[in-house]
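target.cif follows; it contains mmCIF, C-alpha atoms and all ligand atoms.
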data_upload
#
loop_
_atom_site.label_atom_id
_atom_site.label_comp_id
_atom_site.auth_asym_id
_atom_site.auth_seq_id
_atom_site.Cartn_x
_atom_site.Cartn_y
_atom_site.Cartn_z
CA MET Y 1 62.29 330.94 180.80
CA THR Y 2 63.43 329.42 177.59
CA ASP Y 3 66.12 326.76 177.64
CA ALA Y 4 69.63 327.43 176.50
CA PRO Y 5 70.88 325.76 173.32
CA PRO Y 6 73.36 322.88 173.60
CA ALA Y 7 77.02 323.86 174.07
CA HIS Y 8 78.09 322.09 170.86
CA SER Y 9 75.78 324.33 168.81
CA VAL Y 10 77.23 327.41 170.45
CA GLU Y 11 80.83 326.35 169.81
CA LYS Y 12 80.06 325.41 166.20
CA PHE Y 13 78.56 328.83 165.61
CA ARG Y 14 81.54 330.56 167.23
CA ASP Y 15 83.95 328.59 165.09
CA TRP Y 16 82.16 329.42 161.84
CA ARG Y 17 82.80 333.14 162.26
CA PHE Y 18 81.68 334.07 158.75
CA GLY Y 19 78.36 333.46 157.02
CA LEU Y 20 76.23 334.50 154.06
CA PHE Y 21 72.93 336.32 154.46
CA VAL Y 22 70.59 336.11 151.45
CA HIS Y 23 67.69 338.55 151.13
CA TRP Y 24 65.50 337.39 148.31
CA GLY Y 25 61.85 337.95 147.53
CA LEU Y 26 59.53 339.79 145.17
CA TYR Y 27 61.39 343.04 145.97
CA ALA Y 28 64.23 341.77 143.77
CA LEU Y 29 62.07 342.80 140.81
CA PRO Y 30 61.52 346.50 141.59
CA ALA Y 31 65.22 346.26 142.55
CA ARG Y 32 65.14 349.29 144.81
CA HIS Y 33 65.41 348.03 148.41
CA GLU Y 34 63.44 345.35 150.25
CA TRP Y 35 61.37 348.03 152.01
CA VAL Y 36 60.08 349.41 148.70
CA LYS Y 37 56.45 348.48 149.41
CA ASN Y 38 56.49 350.47 152.61
CA ARG Y 39 58.74 353.31 151.52
CA GLU Y 40 56.75 354.05 148.40
CA LYS Y 41 53.39 353.21 150.03
CA LEU Y 42 52.61 350.64 147.38
CA THR Y 43 49.25 348.90 147.70
CA ASP Y 44 48.82 345.16 147.28
CA GLU Y 45 47.56 345.98 143.80
CA ASP Y 46 50.67 348.05 142.99
CA TYR Y 47 52.81 345.17 144.21
CA GLN Y 48 51.00 342.43 142.30
CA PRO Y 49 53.08 342.74 139.08
CA TYR Y 50 56.13 341.54 141.00
CA PHE Y 51 54.25 338.39 141.99
CA ASP Y 52 53.00 337.97 138.44
CA HIS Y 53 56.49 338.32 136.98
CA PHE Y 54 58.46 336.35 139.54
CA GLU Y 55 60.22 333.69 137.52
CA PRO Y 56 63.83 333.12 138.64
CA ASP Y 57 64.90 331.09 135.64
CA LEU Y 58 68.59 331.29 136.55
CA TYR Y 59 68.13 330.10 140.14
CA ASP Y 60 70.94 327.66 140.89
CA PRO Y 61 71.61 327.60 144.62
CA ALA Y 62 74.65 325.37 144.05
CA LYS Y 63 76.29 328.48 142.59
CA TRP Y 64 75.34 330.56 145.63
CA ALA Y 65 76.68 327.93 147.99
CA ARG Y 66 79.91 327.59 146.04
CA ALA Y 67 80.44 331.37 146.01
CA ALA Y 68 79.89 331.40 149.77
CA ARG Y 69 82.30 328.54 150.44
CA GLU Y 70 84.94 330.07 148.20
CA ALA Y 71 84.55 333.37 150.08
CA GLY Y 72 85.40 331.47 153.26
CA MET Y 73 81.88 331.42 154.65
CA LYS Y 74 80.66 328.49 156.72
CA TYR Y 75 76.92 329.04 156.91
CA ALA Y 76 74.11 330.70 155.01
CA VAL Y 77 70.84 332.27 156.15
CA LEU Y 78 67.99 332.69 153.65
CA THR Y 79 64.91 334.91 153.92
CA THR Y 80 62.11 332.35 153.79
CA LYS Y 81 59.72 335.33 154.05
CA HIS Y 82 60.54 339.02 154.36
CA HIS Y 83 58.23 341.83 155.53
CA GLU Y 84 56.41 341.82 152.17
CA GLY Y 85 54.91 338.46 153.21
CA PHE Y 86 55.89 336.46 150.12
CA CYS Y 87 56.91 332.88 150.97
CA LEU Y 88 59.81 331.20 149.19
CA TRP Y 89 58.35 327.77 149.88
CA ASP Y 90 55.03 326.06 149.20
CA SER Y 91 53.37 326.91 152.51
CA GLU Y 92 50.19 325.01 153.27
CA VAL Y 93 48.66 327.99 155.01
CA SER Y 94 49.19 330.64 152.33
CA ASP Y 95 48.60 331.28 148.66
CA TYR Y 96 51.11 334.09 148.65
CA THR Y 97 53.95 331.73 147.85
CA VAL Y 98 56.43 330.90 145.12
CA ALA Y 99 54.42 327.77 144.37
CA LYS Y 100 51.62 329.98 143.06
CA THR Y 101 53.88 332.02 140.76
CA ALA Y 102 55.00 331.19 137.24
CA TRP Y 103 58.04 329.48 138.76
CA GLY Y 104 55.64 327.18 140.59
CA LYS Y 105 57.95 325.34 142.97
CA ASP Y 106 59.80 325.46 146.26
CA LEU Y 107 62.98 327.53 146.48
CA VAL Y 108 63.91 326.72 150.07
CA GLY Y 109 64.52 322.96 149.69
CA PRO Y 110 67.07 323.34 146.86
CA PHE Y 111 68.81 326.07 148.87
CA VAL Y 112 69.10 323.83 151.92
CA GLU Y 113 70.44 320.94 149.85
CA ALA Y 114 72.96 323.14 148.06
CA CYS Y 115 74.28 324.45 151.38
CA ARG Y 116 74.65 320.99 152.82
CA ALA Y 117 76.47 319.83 149.66
CA GLU Y 118 79.06 322.57 150.23
CA GLY Y 119 79.34 321.81 153.92
CA LEU Y 120 77.60 325.01 154.96
CA GLY Y 121 75.37 325.36 158.00
CA VAL Y 122 71.82 326.49 157.22
CA GLY Y 123 69.68 329.21 158.73
CA PHE Y 124 66.24 330.64 158.06
CA TYR Y 125 65.46 334.33 158.38
CA HIS Y 126 61.72 334.67 158.91
CA SER Y 127 59.94 338.00 159.13
CA LEU Y 128 57.61 338.57 162.06
CA ILE Y 129 56.27 341.64 160.30
CA ASP Y 130 53.93 340.85 157.40
CA TRP Y 131 52.62 343.57 155.09
CA HIS Y 132 50.44 341.15 153.15
CA HIS Y 133 48.62 338.99 155.69
CA PRO Y 134 44.99 340.17 156.06
CA GLU Y 135 45.08 340.03 159.87
CA PHE Y 136 48.43 341.74 160.40
CA PRO Y 137 47.64 345.21 161.77
CA ILE Y 138 49.74 347.65 159.79
CA ASP Y 139 51.14 349.89 162.49
CA LEU Y 140 50.70 353.57 162.87
CA VAL Y 141 54.35 354.22 163.53
CA HIS Y 142 56.18 351.37 161.99
CA PRO Y 143 55.86 350.38 159.20
CA GLN Y 144 55.24 354.02 158.41
CA ARG Y 145 51.81 353.53 156.85
CA ASP Y 146 50.42 356.25 159.08
CA ASP Y 147 47.72 357.47 156.75
CA GLU Y 148 44.13 357.40 157.98
CA GLU Y 149 43.20 354.61 155.62
CA ALA Y 150 45.87 352.32 157.03
CA ILE Y 151 44.80 353.19 160.57
CA ALA Y 152 41.19 352.32 159.81
CA LYS Y 153 42.24 349.05 158.20
CA ALA Y 154 44.40 348.09 161.17
CA ALA Y 155 41.54 348.58 163.60
CA GLY Y 156 39.59 345.48 162.59
CA ARG Y 157 42.57 343.13 162.44
CA ASP Y 158 43.35 340.35 164.88
CA ILE Y 159 47.05 339.85 165.46
CA GLN Y 160 46.41 336.52 167.18
CA VAL Y 161 45.07 335.08 163.93
CA TYR Y 162 48.30 336.24 162.35
CA ALA Y 163 50.31 334.72 165.22
CA ASP Y 164 48.69 331.33 164.52
CA TYR Y 165 49.85 331.70 160.92
CA LEU Y 166 53.36 332.65 162.04
CA HIS Y 167 53.56 329.60 164.29
CA ALA Y 168 52.19 327.29 161.59
CA GLN Y 169 54.71 328.53 159.05
CA THR Y 170 57.59 328.24 161.49
CA ARG Y 171 56.51 324.67 162.15
CA GLU Y 172 56.50 323.90 158.41
CA LEU Y 173 59.97 325.35 157.93
CA LEU Y 174 61.44 323.47 160.87
CA THR Y 175 59.72 320.18 160.02
CA ASN Y 176 60.21 319.84 156.27
CA TYR Y 177 63.90 320.51 155.67
CA GLY Y 178 65.86 318.38 158.12
CA PRO Y 179 68.20 319.86 160.74
CA ILE Y 180 68.36 323.66 160.61
CA ASP Y 181 71.14 325.45 162.48
CA ILE Y 182 69.75 328.97 162.92
CA MET Y 183 66.33 330.59 163.22
CA TRP Y 184 66.56 334.34 162.59
CA PHE Y 185 63.26 336.11 163.40
CA ASP Y 186 62.85 339.76 162.45
CA PHE Y 187 61.77 341.98 164.24
CA SER Y 188 59.97 343.43 167.31
CA TYR Y 189 59.31 347.06 168.17
CA PRO Y 190 57.15 347.00 171.29
CA GLY Y 191 55.45 349.96 172.86
CA ARG Y 192 55.97 352.48 170.11
CA LYS Y 193 54.17 355.77 170.74
CA TYR Y 194 53.40 358.71 168.55
CA PRO Y 195 55.05 361.99 169.55
CA ASP Y 196 51.59 363.11 170.75
CA GLY Y 197 51.39 360.09 173.05
CA ARG Y 198 48.91 358.04 171.04
CA ASP Y 199 49.49 354.31 170.97
CA GLY Y 200 51.75 353.49 168.04
CA HIS Y 201 50.78 349.83 168.11
CA GLY Y 202 54.29 348.46 168.34
CA LYS Y 203 54.70 344.72 168.19
CA GLY Y 204 56.36 342.47 170.72
CA LYS Y 205 56.33 339.20 172.60
CA ASP Y 206 52.61 339.21 173.38
CA ASP Y 207 51.77 339.71 169.73
CA TRP Y 208 54.02 336.92 168.46
CA ARG Y 209 53.51 334.72 171.55
CA SER Y 210 57.27 334.57 171.62
CA GLU Y 211 57.77 332.18 174.55
CA GLU Y 212 55.48 329.62 172.97
CA LEU Y 213 57.08 330.11 169.56
CA MET Y 214 60.58 329.67 170.95
CA ALA Y 215 59.57 326.54 172.85
CA MET Y 216 58.15 325.08 169.64
CA VAL Y 217 61.33 325.90 167.72
CA ARG Y 218 63.46 324.13 170.35
CA GLU Y 219 61.15 321.14 170.40
CA LEU Y 220 61.30 320.75 166.60
CA GLN Y 221 65.04 321.50 166.35
CA PRO Y 222 66.81 320.84 169.66
CA ASP Y 223 70.23 321.93 168.32
CA ILE Y 224 69.09 325.20 166.74
CA LEU Y 225 70.24 328.69 167.73
CA ILE Y 226 67.58 331.43 167.83
CA ASN Y 227 68.33 335.13 167.44
CA ASP Y 228 67.26 337.92 169.74
CA ARG Y 229 64.51 339.76 167.85
CA LEU Y 230 61.45 338.11 169.39
CA ASP Y 231 61.38 340.67 172.22
CA ILE Y 232 62.67 338.00 174.62
CA PRO Y 233 66.35 337.05 175.06
CA GLY Y 234 67.65 334.79 172.32
CA ASP Y 235 70.77 332.67 171.91
CA PHE Y 236 72.73 335.35 170.07
CA VAL Y 237 72.40 339.08 169.56
CA THR Y 238 72.37 340.77 166.18
CA PRO Y 239 74.01 344.20 165.87
CA GLU Y 240 72.91 345.45 162.48
CA GLN Y 241 75.10 347.56 160.23
CA TYR Y 242 77.44 348.52 163.04
CA GLN Y 243 80.48 346.95 164.67
CA PRO Y 244 80.30 346.83 168.49
CA ASP Y 245 83.24 348.37 170.33
CA GLY Y 246 84.22 345.17 172.11
CA PRO Y 247 83.02 341.68 173.04
CA MET Y 248 79.28 341.97 173.63
CA GLN Y 249 77.56 341.36 176.95
CA ARG Y 250 74.03 340.90 178.18
CA ASP Y 251 73.34 341.63 181.85
CA GLY Y 252 77.09 341.79 182.40
CA VAL Y 253 77.70 338.33 180.96
CA PRO Y 254 79.39 337.63 177.60
CA VAL Y 255 76.82 336.87 174.93
CA LEU Y 256 77.13 335.20 171.55
CA TRP Y 257 76.83 337.75 168.74
CA GLU Y 258 76.70 338.14 165.01
CA ALA Y 259 77.01 341.45 163.16
CA CYS Y 260 75.10 341.63 159.90
CA GLN Y 261 76.31 343.88 157.14
CA THR Y 262 75.22 344.76 153.61
CA LEU Y 263 77.41 345.01 150.55
CA ASN Y 264 75.87 348.30 149.44
CA GLY Y 265 73.48 349.54 152.12
CA SER Y 266 70.48 347.55 150.86
CA TRP Y 267 69.59 343.98 151.83
CA GLY Y 268 67.44 343.27 148.80
CA TYR Y 269 68.83 343.63 145.28
CA ASP Y 270 69.19 347.36 144.64
CA ARG Y 271 70.32 347.80 141.08
CA ASP Y 272 71.12 351.51 141.03
CA ASN Y 273 72.72 351.74 144.45
CA LEU Y 274 76.42 352.20 143.76
CA ASP Y 275 77.48 352.55 147.36
CA TRP Y 276 79.46 349.30 147.42
CA LYS Y 277 81.77 348.58 150.31
CA SER Y 278 85.27 347.58 149.24
CA PRO Y 279 86.43 344.01 149.86
CA GLU Y 280 89.13 345.52 152.07
CA LEU Y 281 86.56 347.19 154.33
CA LEU Y 282 84.51 343.98 154.52
CA VAL Y 283 87.59 341.96 155.48
CA LYS Y 284 88.27 344.52 158.21
CA MET Y 285 84.71 344.08 159.46
CA LEU Y 286 85.24 340.32 159.58
CA ILE Y 287 88.54 340.66 161.47
CA ASP Y 288 87.00 343.23 163.79
CA SER Y 289 84.11 340.89 164.59
CA VAL Y 290 86.39 337.94 165.33
CA SER Y 291 88.73 340.08 167.45
CA LYS Y 292 85.67 340.82 169.62
CA ASP Y 293 84.46 337.21 169.67
CA GLY Y 294 81.66 337.75 167.16
CA ASN Y 295 80.58 336.51 163.75
CA LEU Y 296 79.96 338.41 160.55
CA LEU Y 297 76.90 337.64 158.43
CA LEU Y 298 77.46 339.32 155.08
CA ASN Y 299 74.48 339.85 152.81
CA VAL Y 300 73.89 339.35 149.11
CA GLY Y 301 70.60 340.30 147.46
CA PRO Y 302 70.16 338.05 144.40
CA THR Y 303 68.52 339.39 141.23
CA GLY Y 304 64.98 338.57 140.16
CA ARG Y 305 66.37 335.92 137.84
CA GLY Y 306 68.03 334.26 140.79
CA GLU Y 307 71.68 335.15 140.41
CA PHE Y 308 74.23 337.00 142.51
CA ASP Y 309 75.06 340.01 140.39
CA PRO Y 310 78.64 340.37 139.09
CA ARG Y 311 79.54 343.08 141.60
CA ALA Y 312 78.55 340.86 144.51
CA LEU Y 313 80.42 337.89 143.05
CA ALA Y 314 83.57 339.95 142.50
CA THR Y 315 83.49 341.15 146.10
CA LEU Y 316 83.01 337.63 147.43
CA ALA Y 317 85.88 336.40 145.25
CA SER Y 318 88.24 339.07 146.63
CA ILE Y 319 87.31 338.23 150.18
CA GLY Y 320 87.87 334.58 149.29
CA GLU Y 321 91.38 335.28 148.08
CA TRP Y 322 92.19 336.97 151.38
CA MET Y 323 90.59 334.10 153.29
CA ARG Y 324 92.56 331.54 151.31
CA LEU Y 325 95.74 332.98 152.80
CA HIS Y 326 94.49 334.13 156.19
CA GLU Y 327 91.76 331.70 157.17
CA ARG Y 328 93.82 330.39 160.10
CA SER Y 329 93.48 333.75 161.80
CA ILE Y 330 89.68 333.74 161.45
CA ARG Y 331 88.13 330.28 161.54
CA GLY Y 332 87.80 329.08 165.10
CA ALA Y 333 89.73 332.11 166.30
CA ARG Y 334 88.98 334.05 169.48
CA PRO Y 335 89.98 337.40 170.94
CA ALA Y 336 93.53 337.48 172.25
CA ASP Y 337 93.32 337.11 175.99
CA GLY Y 338 94.81 340.01 177.82
CA TYR Y 339 96.51 341.83 174.96
CA VAL Y 340 95.31 345.20 173.80
CA ALA Y 341 96.01 345.83 170.13
CA PRO Y 342 97.74 349.06 169.10
CA VAL Y 343 95.73 351.73 167.30
CA ASP Y 344 94.27 350.56 163.97
CA CYS Y 345 95.22 346.94 164.67
CA ARG Y 346 93.29 343.90 165.84
CA PHE Y 347 94.43 340.71 167.55
CA THR Y 348 92.90 337.32 167.05
CA GLN Y 349 94.16 334.14 168.66
CA LYS Y 350 93.92 330.42 168.11
CA GLY Y 351 95.70 328.10 170.49
CA ASN Y 352 99.17 329.49 171.10
CA ARG Y 353 99.20 331.52 167.86
CA LEU Y 354 98.57 335.23 168.09
CA TYR Y 355 97.50 336.99 164.90
CA LEU Y 356 98.13 340.70 164.52
CA HIS Y 357 95.98 342.36 161.83
CA LEU Y 358 97.24 345.75 160.65
CA PHE Y 359 94.45 347.95 159.25
CA SER Y 360 97.02 350.45 158.04
CA TRP Y 361 100.63 349.67 157.24
CA PRO Y 362 102.98 351.39 159.71
CA MET Y 363 106.03 351.69 157.41
CA GLY Y 364 108.87 349.97 159.18
CA HIS Y 365 108.09 349.07 162.76
CA ILE Y 366 105.27 348.25 165.06
CA HIS Y 367 105.68 348.24 168.84
CA LEU Y 368 103.75 345.80 170.99
CA PRO Y 369 103.87 346.57 174.73
CA GLY Y 370 103.81 343.57 177.04
CA LEU Y 371 104.71 341.02 174.39
CA ALA Y 372 108.50 340.87 174.70
CA GLY Y 373 109.56 337.40 175.80
CA LYS Y 374 106.16 335.95 174.91
CA VAL Y 375 106.67 335.61 171.18
CA LYS Y 376 109.07 332.91 170.03
CA TYR Y 377 108.76 333.53 166.31
CA ALA Y 378 106.95 335.95 164.02
CA GLN Y 379 105.98 335.66 160.40
CA LEU Y 380 103.70 337.11 157.79
CA LEU Y 381 100.71 334.89 157.34
CA ASN Y 382 100.32 335.28 153.58
CA ASP Y 383 103.75 333.90 152.63
CA ALA Y 384 105.24 332.53 155.88
CA SER Y 385 108.18 334.91 155.61
CA GLU Y 386 109.96 335.70 158.85
CA ILE Y 387 109.42 338.98 160.64
CA LYS Y 388 112.41 340.06 162.73
CA ARG Y 389 111.74 340.73 166.38
CA ILE Y 390 113.50 343.30 168.52
CA VAL Y 391 113.03 343.12 172.26
CA ASN Y 392 113.08 346.39 174.16
CA ASP Y 393 114.27 348.34 171.15
CA PRO Y 394 116.53 351.18 172.39
CA HIS Y 395 114.86 353.65 170.01
CA GLN Y 396 111.50 352.71 171.45
CA GLN Y 397 112.83 353.02 175.00
CA ALA Y 398 114.02 356.52 174.24
CA GLN Y 399 110.59 357.39 172.88
CA ASN Y 400 108.96 355.87 175.93
CA THR Y 401 110.76 358.36 178.08
CA THR Y 402 109.91 361.37 175.97
CA MET Y 403 106.33 360.33 175.23
CA GLY Y 404 105.29 359.26 178.68
CA GLY Y 405 106.11 355.62 178.24
CA VAL Y 406 104.18 352.59 177.09
CA GLY Y 407 105.68 350.32 179.69
CA PRO Y 408 108.47 347.76 179.56
CA ASP Y 409 108.55 344.46 177.71
CA VAL Y 410 107.99 346.03 174.33
CA LEU Y 411 108.25 343.71 171.38
CA THR Y 412 109.10 345.53 168.19
CA LEU Y 413 108.39 343.89 164.85
CA LYS Y 414 110.46 344.97 161.89
CA LEU Y 415 108.09 345.02 158.94
CA PRO Y 416 108.80 345.44 155.25
CA ILE Y 417 108.56 349.09 154.24
CA GLN Y 418 105.95 348.25 151.66
CA LYS Y 419 102.76 346.41 152.53
CA PRO Y 420 102.68 342.92 151.00
CA ASN Y 421 100.30 342.96 148.08
CA VAL Y 422 97.52 340.80 149.49
C1 LIG Y 501 65.55 344.42 159.52
C2 LIG Y 501 64.74 344.49 158.25
O1 LIG Y 501 63.78 345.48 158.34
C3 LIG Y 501 65.66 344.72 157.08
O2 LIG Y 501 64.94 344.76 155.88
C4 LIG Y 501 66.69 343.59 157.02
O3 LIG Y 501 66.04 342.36 156.84
C5 LIG Y 501 67.47 343.58 158.32
C6 LIG Y 501 68.46 342.45 158.40
O4 LIG Y 501 66.59 343.47 159.45
O5 LIG Y 501 66.02 345.72 159.81
C7 LIG Y 501 66.09 346.18 161.07
C8 LIG Y 501 65.58 345.50 162.14
C9 LIG Y 501 65.72 346.01 163.41
C10 LIG Y 501 66.36 347.20 163.58
C11 LIG Y 501 66.89 347.88 162.52
C12 LIG Y 501 66.74 347.37 161.26
N1 LIG Y 501 66.48 347.73 164.87
O6 LIG Y 501 65.97 347.12 165.84
O7 LIG Y 501 67.13 348.79 165.04
#

Written as structure tokens, how would this file's structure read?
Amino acid sequence: MTDAPPAHSVEKFRDWRFGLFVHWGLYALPARHEWVKNREKLTDEDYQPYFDHFEPDLYDPAKWARAAREAGMKYAVLTTKHHEGFCLWDSEVSDYTVAKTAWGKDLVGPFVEACRAEGLGVGFYHSLIDWHHPEFPIDLVHPQRDDEEAIAKAAGRDIQVYADYLHAQTRELLTNYGPIDIMWFDFSYPGRKYPDGRDGHGKGKDDWRSEELMAMVRELQPDILINDRLDIPGDFVTPEQYQPDGPMQRDGVPVLWEACQTLNGSWGYDRDNLDWKSPELLVKMLIDSVSKDGNLLLNVGPTGRGEFDPRALATLASIGEWMRLHERSIRGARPADGYVAPVDCRFTQKGNRLYLHLFSWPMGHIHLPGLAGKVKYAQLLNDASEIKRIVNDPHQQAQNTTMGGVGPDVLTLKLPIQKPNV
């Protein structure tokens, strides 16, 4: 068994509630999804121009960190290496690193420093999968390089040589940059089979030597939290691109969780993808996560020159404006104990304050069963203006009778007809 992380790390993570995910690598240059090498079956040779032209002359992580803080984020997780295998730091055990590009120097250290300067926690995403390492067996099923040539190539490869490399790199990352808050490994897919029953060569804990790896991580960084993608239980679980339907559990016990979401469906910079989520939807995802005792890790894919593109910055700024006025209902907040929110609403709670988030504006009134007598005062959060309360509203009582009843002790809030413009 692997040890649990210290309680103070867990509570810090729960209080943060909102973080920045950064997917950055050579795939920022083709600018059409971080899986481009796999999706388009690009060979190492096809992919080489991106290495040769990687020169992020506008890289200024202080700007990233400021944008994150102003959006109301409290931590940031950077891809030190994604599946393509390219390392954003000067790894001693690889030549496939930023240090060997025209840019010629470490990107991870300045990122870590910039985060700390803005008071952000720091995490490293590190890919378990590696499409570049000579001993990583490219899988039959996943990645989908299921052509005969890839199969033949995979046959002579020794995953344990790759595992040594993975451990060595993890050691470098967790030794050279001071205290790191989160280690985000990605990802395992054990026991995959072809439809015809052939071994699909999935990858899991025996391939990565996950127990040993996790023990090393804890030894190097006793306060760190480790995610759940090593094919053994981690400290927090990572629903990806979906919102769970309630507080998450593992073996019937509440478990720490963090949803990760993209801005436009791609993690890496994807220039022509116009499928941007609105700031309003992203704020709802954040509220939804907190109402279910989870975090939201929201991703930006910087450009090949090292900037957040204007669309990403505008979205972060809008979220930041909402957070400026509503942060109290998010930071350090928890689900409301015992109260079930009405349809299209969410509750969050901090101390004796209950926050009601309305995902659609109900025009006039909202009825809250079970809350009469429990609420001493109500106000809008954005401008502190009073909201009138009606206890056991006679109109509502009449409706209760005709509509089957929602129970007694109904608190009715009298809202402005028009939604406040925030
Ligand atoms: C992985 C990566 O492949 C992806 O590029 C991105 O980095 C994302 C955050 O993580 O995507 C996954 C990993 C696991 C599953 C789905 C997508 N899964 O287990 O269903």

Taking only residues of chain Y that have an atom at most 6 Å from an atom of ligand LIG 501 (chain Y), what is each one's shortest atom pair and its distance in Å to one decimal, using all atoms listed in the file, in chain and number order, as a tab-separated table?
residue	atom	partner	partner_atom	distance
Y:Glu34	CA	Y:LIG501	O2	5.9
Y:Phe187	CA	Y:LIG501	C8	5.6
Y:Trp267	CA	Y:LIG501	C4	6.0

Go ahead and compute the interatomic distance for atom CA of Pro244 of chain Y and atom CA of Leu313 of chain Y, in Å to one decimal.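 About the pair atom CA of Pro244 of chain Y and atom CA of Leu313 of chain Y: they are 27.0 Å apart.
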
Between atom CA of His367 of chain Y and atom CA of Leu411 of chain Y, what distance in Å does the model show, to one decimal? 5.8 Å

Within 12 Å of Asn352 of chain Y, counting all atoms listed in the file, which residues qualify if same-chain residues fewer than 4 places away don't, as number ranges by chain? Y: 329, 333-334, 336-337, 348, 374-377

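For Val36 of chain Y, the list of residues within 12 Å, based on all atoms listed in the file and with local chain neighbours fewer than 3 positions off taken out, reads Gly25, Leu26, Tyr27, Ala28, Leu29, Pro30, Ala31, Arg32, His33, Arg39, Glu40, Lys41, Leu42, Thr43, Asp46, Tyr47, Tyr50, His82, His83, Glu84, Trp131, Pro143, Gln144, Ser266, Trp267, Gly268, Tyr269 and Asp270 of chain Y.
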
Skipping near chain neighbours, those fewer than 6 positions away, what residues fall within 6 Å of Leu298 of chain Y using all atoms listed in the file, listed as a PyMOL selection string? chain Y and resi 20-21+260-261

Shell of 10 Å around His133 of chain Y, all atoms listed in the file, local chain residues under 5 positions omitted, as a VMD selection string: chain Y and resid 84 to 86 94 96 138 157 159 161 to 162 165

Could you list, with a cut-off of 9 Å and counting all atoms listed in the file, the residues of segment 288-329 of chain Y near segment 274-277 of chain Y, each shown with its nearest atom pair and the distance in Å rounded to one decimal, rows sorted by chain and ascending number, as a tab-separated table?
residue	atom	partner	partner_atom	distance
Y:Arg311	CA	Y:Trp276	CA	8.5
Y:Ala312	CA	Y:Trp276	CA	9.0
Y:Thr315	CA	Y:Lys277	CA	8.7

Work out how far atom CA of Lys414 of chain Y is from atom CA of Pro335 of chain Y, in Å to one decimal.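 Calculated distance between atom CA of Pro335 of chain Y and atom CA of Lys414 of chain Y is 23.6 Å.
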